[in-house]
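Have a look at input.cif below; it lists mmCIF, C-alpha atoms.
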```
data_upload
#
loop_
_atom_site.group_PDB
_atom_site.id
_atom_site.type_symbol
_atom_site.label_atom_id
_atom_site.label_comp_id
_atom_site.auth_asym_id
_atom_site.auth_seq_id
_atom_site.Cartn_x
_atom_site.Cartn_y
_atom_site.Cartn_z
ATOM 1 C CA MET A 46 165.730 -202.392 -114.095
ATOM 2 C CA LYS A 47 165.992 -202.385 -110.308
ATOM 3 C CA ILE A 48 163.544 -204.249 -108.067
ATOM 4 C CA LEU A 49 163.105 -204.124 -104.284
ATOM 5 C CA VAL A 50 161.588 -207.249 -102.732
ATOM 6 C CA ILE A 51 160.053 -206.505 -99.319
ATOM 7 C CA GLU A 52 159.314 -209.953 -97.927
ATOM 8 C CA ASP A 53 159.993 -211.496 -94.500
ATOM 9 C CA GLU A 54 159.954 -215.133 -95.699
ATOM 10 C CA LYS A 55 163.610 -215.453 -96.681
ATOM 11 C CA GLU A 56 163.285 -218.625 -98.735
ATOM 12 C CA PHE A 57 160.389 -217.159 -100.696
ATOM 13 C CA ALA A 58 162.254 -213.877 -101.213
ATOM 14 C CA THR A 59 165.361 -215.728 -102.415
ATOM 15 C CA ASP A 60 163.255 -217.715 -104.861
ATOM 16 C CA ILE A 61 161.838 -214.479 -106.340
ATOM 17 C CA VAL A 62 165.265 -212.839 -106.509
ATOM 18 C CA ASN A 63 166.825 -215.833 -108.262
ATOM 19 C CA TYR A 64 164.086 -215.865 -110.882
ATOM 20 C CA LEU A 65 164.153 -212.117 -111.534
ATOM 21 C CA THR A 66 167.952 -212.003 -111.595
ATOM 22 C CA SER A 67 167.923 -214.632 -114.341
ATOM 23 C CA GLY A 68 165.777 -212.169 -116.293
ATOM 24 C CA ASN A 69 168.424 -209.437 -115.924
ATOM 25 C CA TYR A 70 166.708 -207.523 -113.145
ATOM 26 C CA LEU A 71 168.860 -206.078 -110.368
ATOM 27 C CA CYS A 72 167.268 -207.095 -107.068
ATOM 28 C CA GLU A 73 167.551 -205.984 -103.456
ATOM 29 C CA VAL A 74 165.726 -207.434 -100.451
ATOM 30 C CA ALA A 75 164.322 -206.022 -97.217
ATOM 31 C CA TYR A 76 163.142 -208.604 -94.673
ATOM 32 C CA ASP A 77 161.432 -206.293 -92.181
ATOM 33 C CA PHE A 78 159.623 -202.978 -91.896
ATOM 34 C CA ASN A 79 162.546 -200.867 -90.697
ATOM 35 C CA SER A 80 165.012 -202.000 -93.361
ATOM 36 C CA ALA A 81 162.321 -201.525 -96.026
ATOM 37 C CA LEU A 82 161.666 -198.003 -94.779
ATOM 38 C CA GLU A 83 165.368 -197.212 -94.912
ATOM 39 C CA LYS A 84 165.767 -198.506 -98.471
ATOM 40 C CA ILE A 85 162.788 -196.645 -99.926
ATOM 41 C CA SER A 86 164.016 -193.442 -98.291
ATOM 42 C CA LEU A 87 167.552 -193.757 -99.669
ATOM 43 C CA TYR A 88 167.077 -195.331 -103.103
ATOM 44 C CA MET A 89 164.908 -195.329 -106.227
ATOM 45 C CA TYR A 90 163.391 -198.498 -107.685
ATOM 46 C CA ASP A 91 161.632 -199.295 -110.931
ATOM 47 C CA CYS A 92 159.297 -201.622 -109.054
ATOM 48 C CA ILE A 93 158.756 -202.649 -105.430
ATOM 49 C CA LEU A 94 157.252 -206.024 -104.493
ATOM 50 C CA LEU A 95 155.580 -205.425 -101.162
ATOM 51 C CA ASP A 96 154.343 -207.976 -98.634
ATOM 52 C CA LEU A 97 151.680 -206.568 -96.297
ATOM 53 C CA MET A 98 152.632 -208.479 -93.140
ATOM 54 C CA LEU A 99 156.134 -207.514 -91.981
ATOM 55 C CA PRO A 100 158.056 -207.741 -88.717
ATOM 56 C CA GLY A 101 157.913 -204.310 -87.092
ATOM 57 C CA GLY A 102 155.105 -202.857 -89.186
ATOM 58 C CA ASP A 103 152.837 -203.387 -92.176
ATOM 59 C CA GLY A 104 153.033 -202.823 -95.889
ATOM 60 C CA PHE A 105 150.265 -200.241 -95.909
ATOM 61 C CA GLN A 106 152.505 -197.920 -93.893
ATOM 62 C CA ILE A 107 155.284 -198.433 -96.442
ATOM 63 C CA LEU A 108 152.853 -197.367 -99.166
ATOM 64 C CA LYS A 109 151.871 -194.278 -97.209
ATOM 65 C CA GLU A 110 155.525 -193.358 -96.707
ATOM 66 C CA LEU A 111 156.251 -193.714 -100.436
ATOM 67 C CA ARG A 112 153.436 -191.311 -101.248
ATOM 68 C CA LYS A 113 154.456 -188.960 -98.425
ATOM 69 C CA GLN A 114 157.937 -188.747 -99.973
ATOM 70 C CA ASN A 115 156.349 -188.307 -103.413
ATOM 71 C CA LYS A 116 158.199 -191.360 -104.717
ATOM 72 C CA GLN A 117 157.216 -192.613 -108.155
ATOM 73 C CA ASP A 118 158.412 -196.224 -107.727
ATOM 74 C CA GLY A 119 155.974 -198.785 -109.074
ATOM 75 C CA VAL A 120 154.479 -201.010 -106.342
ATOM 76 C CA ILE A 121 152.993 -204.496 -106.582
ATOM 77 C CA ILE A 122 151.542 -205.891 -103.368
ATOM 78 C CA ILE A 123 152.379 -209.596 -102.956
ATOM 79 C CA SER A 124 150.495 -211.058 -100.042
ATOM 80 C CA ALA A 125 148.766 -214.182 -98.786
ATOM 81 C CA LYS A 126 146.007 -211.860 -97.620
ATOM 82 C CA ASN A 127 143.543 -211.901 -100.501
ATOM 83 C CA ALA A 128 140.616 -210.171 -98.806
ATOM 84 C CA LEU A 129 138.837 -207.724 -101.091
ATOM 85 C CA GLU A 130 139.122 -204.916 -98.551
ATOM 86 C CA ASP A 131 142.925 -205.316 -98.405
ATOM 87 C CA ARG A 132 143.205 -205.160 -102.185
ATOM 88 C CA ILE A 133 141.011 -202.051 -102.361
ATOM 89 C CA LYS A 134 142.868 -200.391 -99.474
ATOM 90 C CA GLY A 135 146.279 -201.078 -101.048
ATOM 91 C CA LEU A 136 145.234 -199.772 -104.465
ATOM 92 C CA ASN A 137 143.615 -196.690 -102.934
ATOM 93 C CA ILE A 138 146.745 -195.846 -100.950
ATOM 94 C CA GLY A 139 148.848 -196.019 -104.102
ATOM 95 C CA ALA A 140 149.808 -199.557 -105.112
ATOM 96 C CA ASP A 141 149.848 -200.196 -108.854
ATOM 97 C CA ASP A 142 148.854 -203.870 -108.705
ATOM 98 C CA TYR A 143 148.031 -206.701 -106.287
ATOM 99 C CA LEU A 144 149.132 -210.327 -106.657
ATOM 100 C CA ALA A 145 147.946 -212.934 -104.165
ATOM 101 C CA LYS A 146 150.276 -215.730 -103.023
ATOM 102 C CA PRO A 147 150.942 -218.296 -104.300
ATOM 103 C CA PHE A 148 151.656 -217.148 -107.845
ATOM 104 C CA HIS A 149 153.650 -218.301 -110.845
ATOM 105 C CA HIS A 150 156.976 -216.613 -111.586
ATOM 106 C CA SER A 151 155.889 -215.905 -115.148
ATOM 107 C CA GLU A 152 152.816 -214.005 -113.949
ATOM 108 C CA LEU A 153 154.915 -211.972 -111.522
ATOM 109 C CA ALA A 154 157.366 -211.082 -114.315
ATOM 110 C CA ALA A 155 154.472 -210.036 -116.561
ATOM 111 C CA ARG A 156 152.980 -207.849 -113.823
ATOM 112 C CA ILE A 157 156.362 -206.178 -113.183
ATOM 113 C CA HIS A 158 156.848 -205.510 -116.879
ATOM 114 C CA SER A 159 153.349 -204.068 -117.117
ATOM 115 C CA VAL A 160 153.826 -201.717 -114.149
ATOM 116 C CA ILE A 161 157.186 -200.425 -115.385
ATOM 117 C CA ARG A 162 155.881 -200.009 -118.922
ATOM 118 C CA ARG A 163 152.800 -198.143 -117.727
ATOM 119 C CA LYS A 164 154.621 -195.806 -115.339
ATOM 120 C CA GLN A 165 157.700 -195.005 -117.412
ATOM 121 C CA PHE A 166 156.808 -195.625 -121.051
ATOM 122 C CA ASP A 167 153.133 -194.720 -121.468
ATOM 123 C CA SER A 168 151.978 -198.368 -121.493
ATOM 124 C CA SER A 169 153.794 -199.140 -124.744
ATOM 125 C CA ASN A 170 156.084 -202.075 -125.527
ATOM 126 C CA LEU A 171 157.738 -199.980 -128.238
ATOM 127 C CA ILE A 172 159.605 -196.771 -127.431
ATOM 128 C CA VAL A 173 160.034 -194.502 -130.443
ATOM 129 C CA ILE A 174 162.114 -191.329 -130.191
ATOM 130 C CA ASN A 175 162.503 -190.037 -133.710
ATOM 131 C CA GLU A 176 165.166 -192.287 -135.275
ATOM 132 C CA LEU A 177 165.616 -194.407 -132.121
ATOM 133 C CA LYS A 178 163.399 -197.436 -131.428
ATOM 134 C CA ILE A 179 163.458 -199.805 -128.451
ATOM 135 C CA ASP A 180 161.378 -202.983 -128.314
ATOM 136 C CA LEU A 181 160.910 -203.673 -124.604
ATOM 137 C CA LEU A 182 159.857 -207.282 -125.164
ATOM 138 C CA SER A 183 162.788 -208.346 -127.332
ATOM 139 C CA LYS A 184 165.149 -205.714 -125.845
ATOM 140 C CA ALA A 185 166.136 -204.778 -129.394
ATOM 141 C CA VAL A 186 167.494 -201.279 -130.034
ATOM 142 C CA THR A 187 167.666 -199.759 -133.521
ATOM 143 C CA ILE A 188 168.629 -196.375 -134.962
ATOM 144 C CA ASN A 189 167.258 -195.696 -138.432
ATOM 145 C CA SER A 190 166.452 -199.434 -138.615
ATOM 146 C CA THR A 191 170.091 -200.373 -137.898
ATOM 147 C CA PRO A 192 170.442 -202.739 -134.891
ATOM 148 C CA ILE A 193 172.551 -201.404 -132.023
ATOM 149 C CA ILE A 194 174.225 -204.071 -129.878
ATOM 150 C CA LEU A 195 174.309 -202.967 -126.253
ATOM 151 C CA THR A 196 175.599 -204.706 -123.146
ATOM 152 C CA ARG A 197 173.119 -205.369 -120.351
ATOM 153 C CA LYS A 198 174.430 -202.367 -118.370
ATOM 154 C CA GLU A 199 174.276 -200.081 -121.400
ATOM 155 C CA TYR A 200 170.693 -201.167 -122.106
ATOM 156 C CA GLN A 201 169.742 -200.549 -118.467
ATOM 157 C CA LEU A 202 171.275 -197.086 -118.623
ATOM 158 C CA LEU A 203 169.481 -196.238 -121.863
ATOM 159 C CA LEU A 204 166.090 -197.124 -120.392
ATOM 160 C CA PHE A 205 166.925 -195.283 -117.159
ATOM 161 C CA PHE A 206 167.831 -192.129 -119.065
ATOM 162 C CA ILE A 207 164.697 -192.281 -121.225
ATOM 163 C CA GLY A 208 162.476 -193.090 -118.245
ATOM 164 C CA ASN A 209 163.847 -189.956 -116.552
ATOM 165 C CA LYS A 210 164.042 -187.751 -119.641
ATOM 166 C CA ASN A 211 164.780 -184.049 -119.145
ATOM 167 C CA ARG A 212 165.994 -184.703 -115.588
ATOM 168 C CA VAL A 213 169.616 -184.327 -114.525
ATOM 169 C CA LEU A 214 170.800 -187.664 -113.130
ATOM 170 C CA PRO A 215 173.910 -187.529 -110.911
ATOM 171 C CA LYS A 216 176.515 -190.257 -111.220
ATOM 172 C CA SER A 217 175.517 -191.520 -107.769
ATOM 173 C CA ALA A 218 171.972 -192.219 -109.015
ATOM 174 C CA LEU A 219 173.345 -194.059 -112.051
ATOM 175 C CA ALA A 220 175.715 -196.093 -109.858
ATOM 176 C CA GLU A 221 172.836 -197.012 -107.582
ATOM 177 C CA HIS A 222 170.681 -198.024 -110.554
ATOM 178 C CA LEU A 223 173.414 -200.278 -111.949
ATOM 179 C CA SER A 224 174.731 -201.735 -108.700
ATOM 180 C CA GLY A 225 172.060 -201.308 -106.049
ATOM 181 C CA ASP A 226 172.851 -200.311 -102.500
ATOM 182 C CA VAL A 227 176.438 -201.628 -102.802
ATOM 183 C CA ALA A 228 177.118 -198.458 -104.825
ATOM 184 C CA ASP A 229 177.795 -196.760 -101.483
ATOM 185 C CA MET A 230 180.913 -198.908 -101.140
ATOM 186 C CA PHE A 231 182.629 -197.604 -104.288
ATOM 187 C CA ASP A 232 185.447 -195.072 -103.895
ATOM 188 C CA SER A 233 184.574 -193.513 -107.263
ATOM 189 C CA PHE A 234 181.997 -193.761 -110.013
ATOM 190 C CA ASP A 235 184.490 -194.329 -112.817
ATOM 191 C CA PHE A 236 182.615 -197.457 -113.873
ATOM 192 C CA VAL A 237 179.523 -195.295 -114.490
ATOM 193 C CA TYR A 238 181.558 -192.974 -116.718
ATOM 194 C CA ALA A 239 182.871 -195.975 -118.668
ATOM 195 C CA HIS A 240 179.386 -197.408 -119.304
ATOM 196 C CA VAL A 241 177.939 -194.024 -120.311
ATOM 197 C CA LYS A 242 180.912 -193.330 -122.579
ATOM 198 C CA ASN A 243 180.446 -196.668 -124.358
ATOM 199 C CA LEU A 244 176.703 -196.117 -124.694
ATOM 200 C CA LYS A 245 177.170 -192.634 -126.180
ATOM 201 C CA LYS A 246 179.824 -193.967 -128.572
ATOM 202 C CA LYS A 247 177.501 -196.664 -129.933
ATOM 203 C CA LEU A 248 174.622 -194.212 -130.332
ATOM 204 C CA ASN A 249 176.813 -191.558 -131.955
ATOM 205 C CA GLU A 250 178.217 -194.059 -134.443
ATOM 206 C CA GLN A 251 174.727 -194.354 -135.919
ATOM 207 C CA ASN A 252 174.105 -190.586 -135.918
ATOM 208 C CA TYR A 253 171.299 -190.514 -133.378
ATOM 209 C CA GLY A 254 169.933 -187.144 -132.276
ATOM 210 C CA GLY A 255 172.467 -186.465 -129.535
ATOM 211 C CA TYR A 256 169.858 -186.557 -126.768
ATOM 212 C CA LEU A 257 172.218 -187.780 -124.041
ATOM 213 C CA LYS A 258 173.976 -184.735 -122.613
ATOM 214 C CA THR A 259 176.850 -184.495 -120.141
ATOM 215 C CA ILE A 260 176.150 -181.938 -117.432
ATOM 216 C CA TYR A 261 179.692 -181.214 -116.338
ATOM 217 C CA GLY A 262 180.297 -181.480 -112.618
ATOM 218 C CA THR A 263 176.814 -182.895 -112.055
ATOM 219 C CA GLY A 264 175.883 -185.897 -114.186
ATOM 220 C CA TYR A 265 173.887 -186.589 -117.332
ATOM 221 C CA LYS A 266 170.543 -185.712 -118.880
ATOM 222 C CA TRP A 267 168.485 -187.194 -121.722
ATOM 223 C CA GLU A 268 166.898 -184.270 -123.558
ATOM 224 C CA THR A 269 164.019 -184.846 -125.940
ATOM 225 C CA PRO A 270 161.163 -182.527 -126.904
#
```
Mind converting the file's structure to structure tokens?
Amino acid sequence: MKILVIEDEKEFATDIVNYLTSGNYLCEVAYDFNSALEKISLYMYDCILLDLMLPGGDGFQILKELRKQNKQDGVIIISAKNALEDRIKGLNIGADDYLAKPFHHSELAARIHSVIRRKQFDSSNLIVINELKIDLLSKAVTINSTPIILTRKEYQLLLFFIGNKNRVLPKSALAEHLSGDVADMFDSFDFVYAHVKNLKKKLNEQNYGGYLKTIYGTGYKWETP
């Protein structure tokens, strides 16, 4: 899962990134309004942590731009401003949640999990697709009750495919999801092919329904009814 932290206090942002990274999230940071605007325009995120007071602009404008671009990224406002009118304004513009500073890391992680679960997986901690089951809390994957051992990258890909079911995902989008904005620096996306190949192999070995399709010359698509 990929998180964008939009926060001008660098020490605070680093603290959040270190905690979330230890929980296997892939994190990127924007320290000001312009860099945040650039990142949301170029990339997709599972969840955005958004401070309201930024150098060069404010978080409300970031929210408006996300909705203008019809982005579906989850957004949690994190701000020292805890006025009721700010919370209402942020939620009305399109934020999914609001967390006032200071907060505990564990609460932040729970809020992120809740937003992602609600937006991508119909608010359930258990994803069931016929013979395939994924427990989001334990990160356990089974096919016909047989445990499937996936690497962290393979698990991230599986959730990304299911969260974007019936959509063709180009290799560039998969590379970005796995590696963040450094994906632009790669000469090829061979590493994406390798991870997808290994994921498909493990799923096929247990005779799953063959939902992950290769769209030749384009990318991949997870097809389920």
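What separates CA of Tyr76 in chain A from CA of Leu97 in chain A is a distance of 11.8 Å.
With the shown file loaded, the PyMOL selection byres ((chain A and resi 258) around 10) picks out A:Asn211, A:Val213, A:Lys245, A:Gly255, A:Tyr256, A:Leu257, A:Thr259, A:Ile260, A:Tyr261, A:Gly264, A:Tyr265, A:Lys266, A:Trp267, A:Glu268.
This file, filtered with the PyMOL selection byres ((chain A and resi 162) around 12), gives the residues Met46, Asp91, Cys92, Gly119, Asp141, Ala155, Arg156, Ile157, His158, Ser159, Val160, Ile161, Arg163, Lys164, Gln165, Phe166, Asp167, Ser168, Ser169, Asn170, Leu171, Ile172, Asp180, Leu181, Leu182, Leu204, Ile207 and Gly208 of chain A.
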Emit the selected residues as a short mmCIF file (atom, residue, chain, number, x, y, z; two decimals), in the coordinates of the input, including C-alpha atoms.
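Output file part.cif follows:
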```cif
data_model
loop_
_atom_site.label_atom_id
_atom_site.label_comp_id
_atom_site.auth_asym_id
_atom_site.auth_seq_id
_atom_site.Cartn_x
_atom_site.Cartn_y
_atom_site.Cartn_z
CA MET A 46 165.73 -202.39 -114.10
CA ASP A 91 161.63 -199.30 -110.93
CA CYS A 92 159.30 -201.62 -109.05
CA GLY A 119 155.97 -198.78 -109.07
CA ASP A 141 149.85 -200.20 -108.85
CA ALA A 155 154.47 -210.04 -116.56
CA ARG A 156 152.98 -207.85 -113.82
CA ILE A 157 156.36 -206.18 -113.18
CA HIS A 158 156.85 -205.51 -116.88
CA SER A 159 153.35 -204.07 -117.12
CA VAL A 160 153.83 -201.72 -114.15
CA ILE A 161 157.19 -200.42 -115.38
CA ARG A 163 152.80 -198.14 -117.73
CA LYS A 164 154.62 -195.81 -115.34
CA GLN A 165 157.70 -195.00 -117.41
CA PHE A 166 156.81 -195.62 -121.05
CA ASP A 167 153.13 -194.72 -121.47
CA SER A 168 151.98 -198.37 -121.49
CA SER A 169 153.79 -199.14 -124.74
CA ASN A 170 156.08 -202.08 -125.53
CA LEU A 171 157.74 -199.98 -128.24
CA ILE A 172 159.60 -196.77 -127.43
CA ASP A 180 161.38 -202.98 -128.31
CA LEU A 181 160.91 -203.67 -124.60
CA LEU A 182 159.86 -207.28 -125.16
CA LEU A 204 166.09 -197.12 -120.39
CA ILE A 207 164.70 -192.28 -121.22
CA GLY A 208 162.48 -193.09 -118.24
#
```
* Asked: Which residues, written as a ChimeraX atom specification, have at least one atom at most 7 Å from range 120-135 of chain A, with only C-alpha atoms counted and residues fewer than 6 positions away on the same chain left out?
  -> /A:92-97,105,141-146
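Take the candidates A:Tyr200, A:Tyr253, A:Lys109, A:Tyr90 and check each one against Asn137 in chain A using all atoms listed in the file; the shortest distance goes to A:Lys109.
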* **Point-to-point distance from CA of Phe205 in chain A to CA of Asn63 in chain A, Å rounded to tenths** => 22.4 Å
* Asked: Cys72 in chain A: which residues within 12 Å, counting all atoms listed in the file, same-chain residues fewer than 2 positions away excluded, as an MDAnalysis selection string?
  -> chainID A and resid 46:51 58:70 74:75 90:94 221:227
Those selected residues, please, written with C-alpha atoms and delivered as a compact mmCIF listing (two decimals), keeping the file's coordinate frame.
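Contents of result_11.txt, as written:
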```txt
# COMPACT_ATOMS: atom_id res chain seq x y z
CA MET A 46 165.73 -202.39 -114.10
CA LYS A 47 165.99 -202.38 -110.31
CA ILE A 48 163.54 -204.25 -108.07
CA LEU A 49 163.10 -204.12 -104.28
CA VAL A 50 161.59 -207.25 -102.73
CA ILE A 51 160.05 -206.50 -99.32
CA ALA A 58 162.25 -213.88 -101.21
CA THR A 59 165.36 -215.73 -102.42
CA ASP A 60 163.26 -217.72 -104.86
CA ILE A 61 161.84 -214.48 -106.34
CA VAL A 62 165.26 -212.84 -106.51
CA ASN A 63 166.82 -215.83 -108.26
CA TYR A 64 164.09 -215.86 -110.88
CA LEU A 65 164.15 -212.12 -111.53
CA THR A 66 167.95 -212.00 -111.60
CA SER A 67 167.92 -214.63 -114.34
CA GLY A 68 165.78 -212.17 -116.29
CA ASN A 69 168.42 -209.44 -115.92
CA TYR A 70 166.71 -207.52 -113.14
CA VAL A 74 165.73 -207.43 -100.45
CA ALA A 75 164.32 -206.02 -97.22
CA TYR A 90 163.39 -198.50 -107.68
CA ASP A 91 161.63 -199.30 -110.93
CA CYS A 92 159.30 -201.62 -109.05
CA ILE A 93 158.76 -202.65 -105.43
CA LEU A 94 157.25 -206.02 -104.49
CA GLU A 221 172.84 -197.01 -107.58
CA HIS A 222 170.68 -198.02 -110.55
CA LEU A 223 173.41 -200.28 -111.95
CA SER A 224 174.73 -201.74 -108.70
CA GLY A 225 172.06 -201.31 -106.05
CA ASP A 226 172.85 -200.31 -102.50
CA VAL A 227 176.44 -201.63 -102.80
```
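All residues that come within 9 Å of the coordinates (155.6, -204.9, -93.2), counting all atoms listed in the file, are given as A:Ile51, A:Glu52, A:Asp53, A:Tyr76, A:Asp77, A:Phe78, A:Asn79, A:Ala81, A:Leu95, A:Asp96, A:Leu97, A:Met98, A:Leu99, A:Pro100, A:Gly101, A:Gly102, A:Asp103, A:Gly104, A:Phe105, A:Gln106, A:Ile107.
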* What does the distance from CA of Gly139 in chain A to CA of Arg112 in chain A come to in Å, to one decimal? -> 7.2 Å
* Report as an NGL selection string the full result of the PyMOL selection byres ((chain A and resi 190) around 9) when it is applied to this structure. => :A and (176-178 or 186-189 or 191-192)
* For Lys198 in chain A, which residue out of A:Asn252, A:Glu73, A:Lys55, A:Asn243 is the nearest one, using all atoms listed in the file? -> A:Asn243
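Using only C-alpha atoms, the shortest contact distance between Ser217 in chain A and any of A:Ile193, A:Ile174, A:Ala140, A:Leu87 is found at A:Leu87.
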